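Q: The structure is given below, and queries will be raised subsequently.
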Amino acid sequence: MTAEPSPDSLSLPLELADFRPGSVWLAGAGPGDPGLLTLLALQGLRQADVIVHDALVGERIMALAAPSARLEFAGKRGGKPSAHQDDITNRLIELAREGHRVLRLKGGDPFVFGRGGEEAQALAEQGIPFRIIPGITAGLAGPAYAGIPATHRTANQAVILATGHSCAGGPDWKALAATGAPLILYMAWKGLPGIAAALMEGGRSADTPVGVVTDATTERQRVLVTSLGTCVADLEESGLEPPAIIVIGEVVRLRPVLDWLPKEAPHG
């Protein structure tokens with residue numbers, strides 16, 4: 001694998017935005033492959049005084065931060081000790097009021113199951129200037145790196161992004177099953193037995209293809225193709241571990257044709 005370029009060696013083609021002291025940039029770092037990082041997120045990494053980052057932001061992306069930047073971990077991982085959301089939000093406000101340029105760096109996109117909306121709302125209420133920098137969400141990039149398109153003209157005209165973990169009780173899976181649209185699920189690993197059962201009760205066939213993409217877009221990425229009726233047992237036997245994106249629908253059948261990623265070398 002080639003060495004990572006140093007932050008000082010990465011010159012931006014233009015000045016994209018003014019990162020002012022006392023402001024917060026809420027940025028998405030993408031799903032893992034550093035090549036999917038946006039230019040604005042890269043500018044934030046190079047100019048921030050403090051970077052408050054999540055667990056899913058990999059070391060190769062954090063290595064692009066300016067050497068002078070202070071890094072503060074604020075990751076949340078299921079089943080493990082995690083920072084409380086209120087503490088993270090209050091820390092962002094505190095750092096901005098101290099006059100720092102604060103980069104709040106999240107995996108994927110901050111507004112797609114990333115709690116970016118909650119943090120932006122709190123900043124707005126406190127009068128803290130902020131900027132939203134969208135990122136490529138793992139729910140689209142992970143399947144794409146596995147050769148599974150989110151949409152295909154011959155297969156679907158809609159796609160549903162849903163979370164398998166919700167403090168409000170989660171989606172109505174039977175209602176989602178009735179749409180016939182492919183489902184792309186975040187944080188659904190533990191809830192998959194109940195989700196699969198509810199989808200089949202809602203009318204989805206047990207033969208509906210399922211794709212599970214772990215460590216999406218990284219050199220550790222693995223893919224399991226199974227079916228709705230057997231996915232729980234197959235996943236238990238696979239040896240795979242989260243984080244994972246789970247795709248349920250006919251678009252998964254396109255993987256044998258569209259699986260483009262070289263197997264012999266790591267990517268990103």
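Here's how to read the names in the structure tokens: chain A, B, ... by the order shown, residue numbers from 1 in each chain, ligand numbers from 1 in the order shown.
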Just want the 10 Å neighbourhood of Pro31 (chain A), counted on only C-alpha atoms, with same-chain residues fewer than 6 positions away dropped. Output as a PyMOL selection string.
A: chain A and resi 37+56-58+106-109+135-142+215-218
Q: Within 12 Å of Asp234 (chain A), counting only C-alpha atoms, which residues qualify if same-chain residues fewer than 5 places away don't, as a ChimeraX atom specification?
A: /A:192-193,210-212,223-229,239-240
Q: Ala83 (chain A): which residues within 9 Å, counting only C-alpha atoms, same-chain residues fewer than 4 positions away excluded, as a VMD selection string?
A: chain A and resid 73 to 76 87 to 88
Q: Please produce an output containing N, CA, C and O atoms for each residue in the selection, written as a CSV table (one decimal), in the first residue's frame.
A:
chain,number,residue,atom,x,y,z
A,73,PHE,N,-11.9,12.9,20.6
A,73,PHE,CA,-12.8,11.7,20.2
A,73,PHE,C,-14.1,11.9,20.8
A,73,PHE,O,-14.3,12.1,22.0
A,74,ALA,N,-15.2,11.7,20.0
A,74,ALA,CA,-16.6,11.7,20.5
A,74,ALA,C,-17.4,10.6,19.9
A,74,ALA,O,-18.5,10.8,19.5
A,75,GLY,N,-16.8,9.4,19.8
A,75,GLY,CA,-17.5,8.4,19.1
A,75,GLY,C,-18.6,7.7,19.9
A,75,GLY,O,-18.6,7.7,21.1
A,76,LYS,N,-19.5,7.1,19.1
A,76,LYS,CA,-20.6,6.4,19.7
A,76,LYS,C,-20.6,5.0,19.0
A,76,LYS,O,-20.7,4.9,17.8
A,87,ASP,N,-23.4,16.0,26.0
A,87,ASP,CA,-22.0,16.4,26.3
A,87,ASP,C,-21.2,16.8,25.0
A,87,ASP,O,-20.5,17.8,25.0
A,88,ILE,N,-21.5,16.1,23.9
A,88,ILE,CA,-20.8,16.4,22.6
A,88,ILE,C,-21.3,17.8,22.2
A,88,ILE,O,-20.5,18.7,21.8
Q: Could you tell me which of A:Gly249, A:Pro262, A:Gly99, A:Pro110 comes closest to Thr151 (chain A) if we count only C-alpha atoms?
A: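 Checking each candidate against Thr151 (chain A), we get A:Gly249 as the closest.
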Q: DSSP on the backbone: which residues in region 94-253 of chain A end up as strand (DSSP E)? Give the answer as a PyMOL selection string.
A: chain A and resi 102-106+130-133+160-163+183-186+209-214+222-227+244-248
Q: Quick one, how far is CA of Gly117 (chain A) from CA of Thr38 (chain A)?
A: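 Spanning CA of Gly117 (chain A) to CA of Thr38 (chain A) is a straight-line distance of 19.4 Å.
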Q: Each residue of region 217-267 of chain A lying at most 12 Å from region 160-163 of chain A should get a row with its shortest atom-to-atom pair and the distance in Å to one decimal, counting only C-alpha atoms; could you produce that, ordered by chain and increasing number, as JSON lines?
A:
{"residue": "A:Ala244", "atom": "CA", "partner": "A:Thr163", "partner_atom": "CA", "distance": 11.5}
{"residue": "A:Ile245", "atom": "CA", "partner": "A:Thr163", "partner_atom": "CA", "distance": 9.9}
{"residue": "A:Ile246", "atom": "CA", "partner": "A:Ala162", "partner_atom": "CA", "distance": 10.0}
{"residue": "A:Val247", "atom": "CA", "partner": "A:Leu161", "partner_atom": "CA", "distance": 9.4}
{"residue": "A:Ile248", "atom": "CA", "partner": "A:Ile160", "partner_atom": "CA", "distance": 9.9}
{"residue": "A:Gly249", "atom": "CA", "partner": "A:Ile160", "partner_atom": "CA", "distance": 10.4}
Q: Could those selected residues go to a file with all heavy atoms, as a tab-separated table (two decimals), in the first residue's frame?
A:
chain	number	residue	atom	x	y	z
A	244	ALA	N	-22.22	-2.43	9.49
A	244	ALA	CA	-22.68	-3.00	8.24
A	244	ALA	C	-23.84	-2.20	7.67
A	244	ALA	O	-24.60	-1.57	8.40
A	244	ALA	CB	-23.13	-4.45	8.45
A	245	ILE	N	-23.92	-2.23	6.35
A	245	ILE	CA	-25.09	-1.75	5.63
A	245	ILE	C	-25.79	-2.98	5.06
A	245	ILE	O	-25.14	-3.87	4.50
A	245	ILE	CB	-24.68	-0.80	4.49
A	245	ILE	CG1	-24.10	0.50	5.06
A	245	ILE	CG2	-25.86	-0.50	3.56
A	245	ILE	CD1	-25.10	1.36	5.81
A	246	ILE	N	-27.10	-3.03	5.22
A	246	ILE	CA	-27.87	-4.19	4.75
A	246	ILE	C	-28.85	-3.73	3.66
A	246	ILE	O	-29.62	-2.79	3.88
A	246	ILE	CB	-28.63	-4.85	5.91
A	246	ILE	CG1	-27.63	-5.33	6.99
A	246	ILE	CG2	-29.48	-6.02	5.41
A	246	ILE	CD1	-28.28	-5.88	8.24
A	247	VAL	N	-28.76	-4.37	2.51
A	247	VAL	CA	-29.62	-4.03	1.38
A	247	VAL	C	-30.59	-5.19	1.15
A	247	VAL	O	-30.18	-6.34	1.05
A	247	VAL	CB	-28.81	-3.80	0.09
A	247	VAL	CG1	-29.72	-3.29	-1.03
A	247	VAL	CG2	-27.67	-2.80	0.35
A	248	ILE	N	-31.88	-4.86	1.07
A	248	ILE	CA	-32.91	-5.87	0.87
A	248	ILE	C	-33.71	-5.50	-0.37
A	248	ILE	O	-34.37	-4.46	-0.39
A	248	ILE	CB	-33.84	-5.96	2.10
A	248	ILE	CG1	-33.03	-6.29	3.36
A	248	ILE	CG2	-34.95	-6.99	1.87
A	248	ILE	CD1	-33.83	-6.23	4.65
A	249	GLY	N	-33.62	-6.31	-1.42
A	249	GLY	CA	-34.38	-6.01	-2.63
A	249	GLY	C	-33.74	-6.58	-3.88
A	249	GLY	O	-32.62	-7.12	-3.85
Q: Please report, as an NGL selection string, each residue of region 86-190 of chain A to which DSSP assigns helix (DSSP H, G or I) when run on this structure's backbone.
A: :A and (86-97 or 116-125 or 138-145 or 173-179)
Q: In Å, with one decimal, what is the gap from CA of Glu119 (chain A) to CA of Ile93 (chain A)?
A: 9.5 Å
Q: With distances taken over only C-alpha atoms, which of A:Gly170, A:Gln85, A:Lys190, A:Arg255 is nearest to Glu241 (chain A)?
A: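 Counting only C-alpha atoms, the residue closest to Glu241 (chain A) is A:Lys190.
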Q: Using only C-alpha atoms, which residues sit within 7 Å of Met187 (chain A) once same-chain residues fewer than 2 positions away are excluded, as number ranges by chain?
A: A: 163-165, 185, 189
Q: If you keep all heavy atoms, can you produce a file of those selected residues as a tab-separated table (two decimals), in the first residue's frame?
A:
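Writing done, so here's selection-v8.tsv:
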chain	number	residue	atom	x	y	z
A	163	THR	N	-33.26	3.22	9.45
A	163	THR	CA	-32.40	2.77	10.54
A	163	THR	C	-33.05	1.61	11.27
A	163	THR	O	-34.27	1.60	11.49
A	163	THR	CB	-32.11	3.91	11.54
A	163	THR	OG1	-31.36	3.39	12.64
A	163	THR	CG2	-33.39	4.55	12.06
A	164	GLY	N	-32.25	0.64	11.63
A	164	GLY	CA	-32.75	-0.49	12.40
A	164	GLY	C	-32.71	-0.24	13.89
A	164	GLY	O	-33.09	-1.10	14.68
A	165	HIS	N	-32.24	0.93	14.29
A	165	HIS	CA	-32.13	1.27	15.71
A	165	HIS	C	-32.72	2.65	15.91
A	165	HIS	O	-32.29	3.61	15.29
A	165	HIS	CB	-30.66	1.26	16.15
A	165	HIS	CG	-30.46	1.75	17.55
A	165	HIS	ND1	-30.78	0.99	18.64
A	165	HIS	CD2	-29.98	2.93	18.03
A	165	HIS	CE1	-30.49	1.68	19.75
A	165	HIS	NE2	-30.01	2.85	19.40
A	185	LEU	N	-30.54	-0.45	4.97
A	185	LEU	CA	-30.65	-0.34	6.42
A	185	LEU	C	-29.32	0.00	7.07
A	185	LEU	O	-28.30	-0.62	6.79
A	185	LEU	CB	-31.18	-1.66	7.00
A	185	LEU	CG	-32.46	-2.22	6.38
A	185	LEU	CD1	-32.88	-3.49	7.12
A	185	LEU	CD2	-33.58	-1.20	6.39
A	189	TRP	N	-28.02	-4.53	12.50
A	189	TRP	CA	-27.41	-5.83	12.76
A	189	TRP	C	-28.16	-6.59	13.85
A	189	TRP	O	-28.63	-7.71	13.65
A	189	TRP	CB	-25.94	-5.63	13.15
A	189	TRP	CG	-25.14	-6.88	13.23
A	189	TRP	CD1	-25.11	-7.77	14.25
A	189	TRP	CD2	-24.22	-7.38	12.25
A	189	TRP	NE1	-24.23	-8.79	13.99
A	189	TRP	CE2	-23.66	-8.57	12.75
A	189	TRP	CE3	-23.81	-6.92	11.00
A	189	TRP	CZ2	-22.73	-9.32	12.06
A	189	TRP	CZ3	-22.87	-7.65	10.31
A	189	TRP	CH2	-22.34	-8.83	10.82
Q: Near region 43-48 of chain A, counting only C-alpha atoms, which residues have an atom at most 6 Å away, once you skip same-chain residues fewer than 5 positions from it, shown as a PyMOL selection string?
A: chain A and resi 65-66+101-103
Q: Which polymer residues have any atom within 10 Å of an atom of Glu15 (chain A), counting only C-alpha atoms, with same-chain residues fewer than 3 positions away left out, as a list in words?
A: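 The neighbour list is Leu12, Asp18, Leu39, Leu40 and Gln43 of chain A.
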Q: Neighbours of region 124-129 of chain A within 9 Å (only C-alpha atoms; same-chain residues fewer than 6 positions away dropped), as a list in words?
A: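 Within the cut-off, the hits are Arg20, Gly22, Ser23, Val24, Trp25, Ile93, Ala96 and Arg97 of chain A.
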Q: With only C-alpha atoms as the atoms that count, which of A:Ala29, A:Leu42, A:Leu95, A:Ile51 lies nearest to Leu64 (chain A)?
A: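 For Leu64 (chain A), the nearest of the given residues is A:Leu42.
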Q: Closest to Asp86 (chain A) among A:Leu36, A:Leu123, A:Leu176, A:Ala69, using only C-alpha atoms?
A: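 Among A:Leu36, A:Leu123, A:Leu176, A:Ala69, it is A:Leu123 that comes nearest to Asp86 (chain A).
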Q: To one decimal place in Å, what is the distance between CA of Val52 (chain A) and CA of Arg104 (chain A)?
A: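 These two atoms are separated by 4.9 Å.
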Q: Between A:Leu235, A:Ala197, A:Gly180, A:Asp172, single out the one closest to Thr214 (chain A), counting only C-alpha atoms.
A: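 Residue with the minimum atom-to-atom distance to Thr214 (chain A): A:Leu235.
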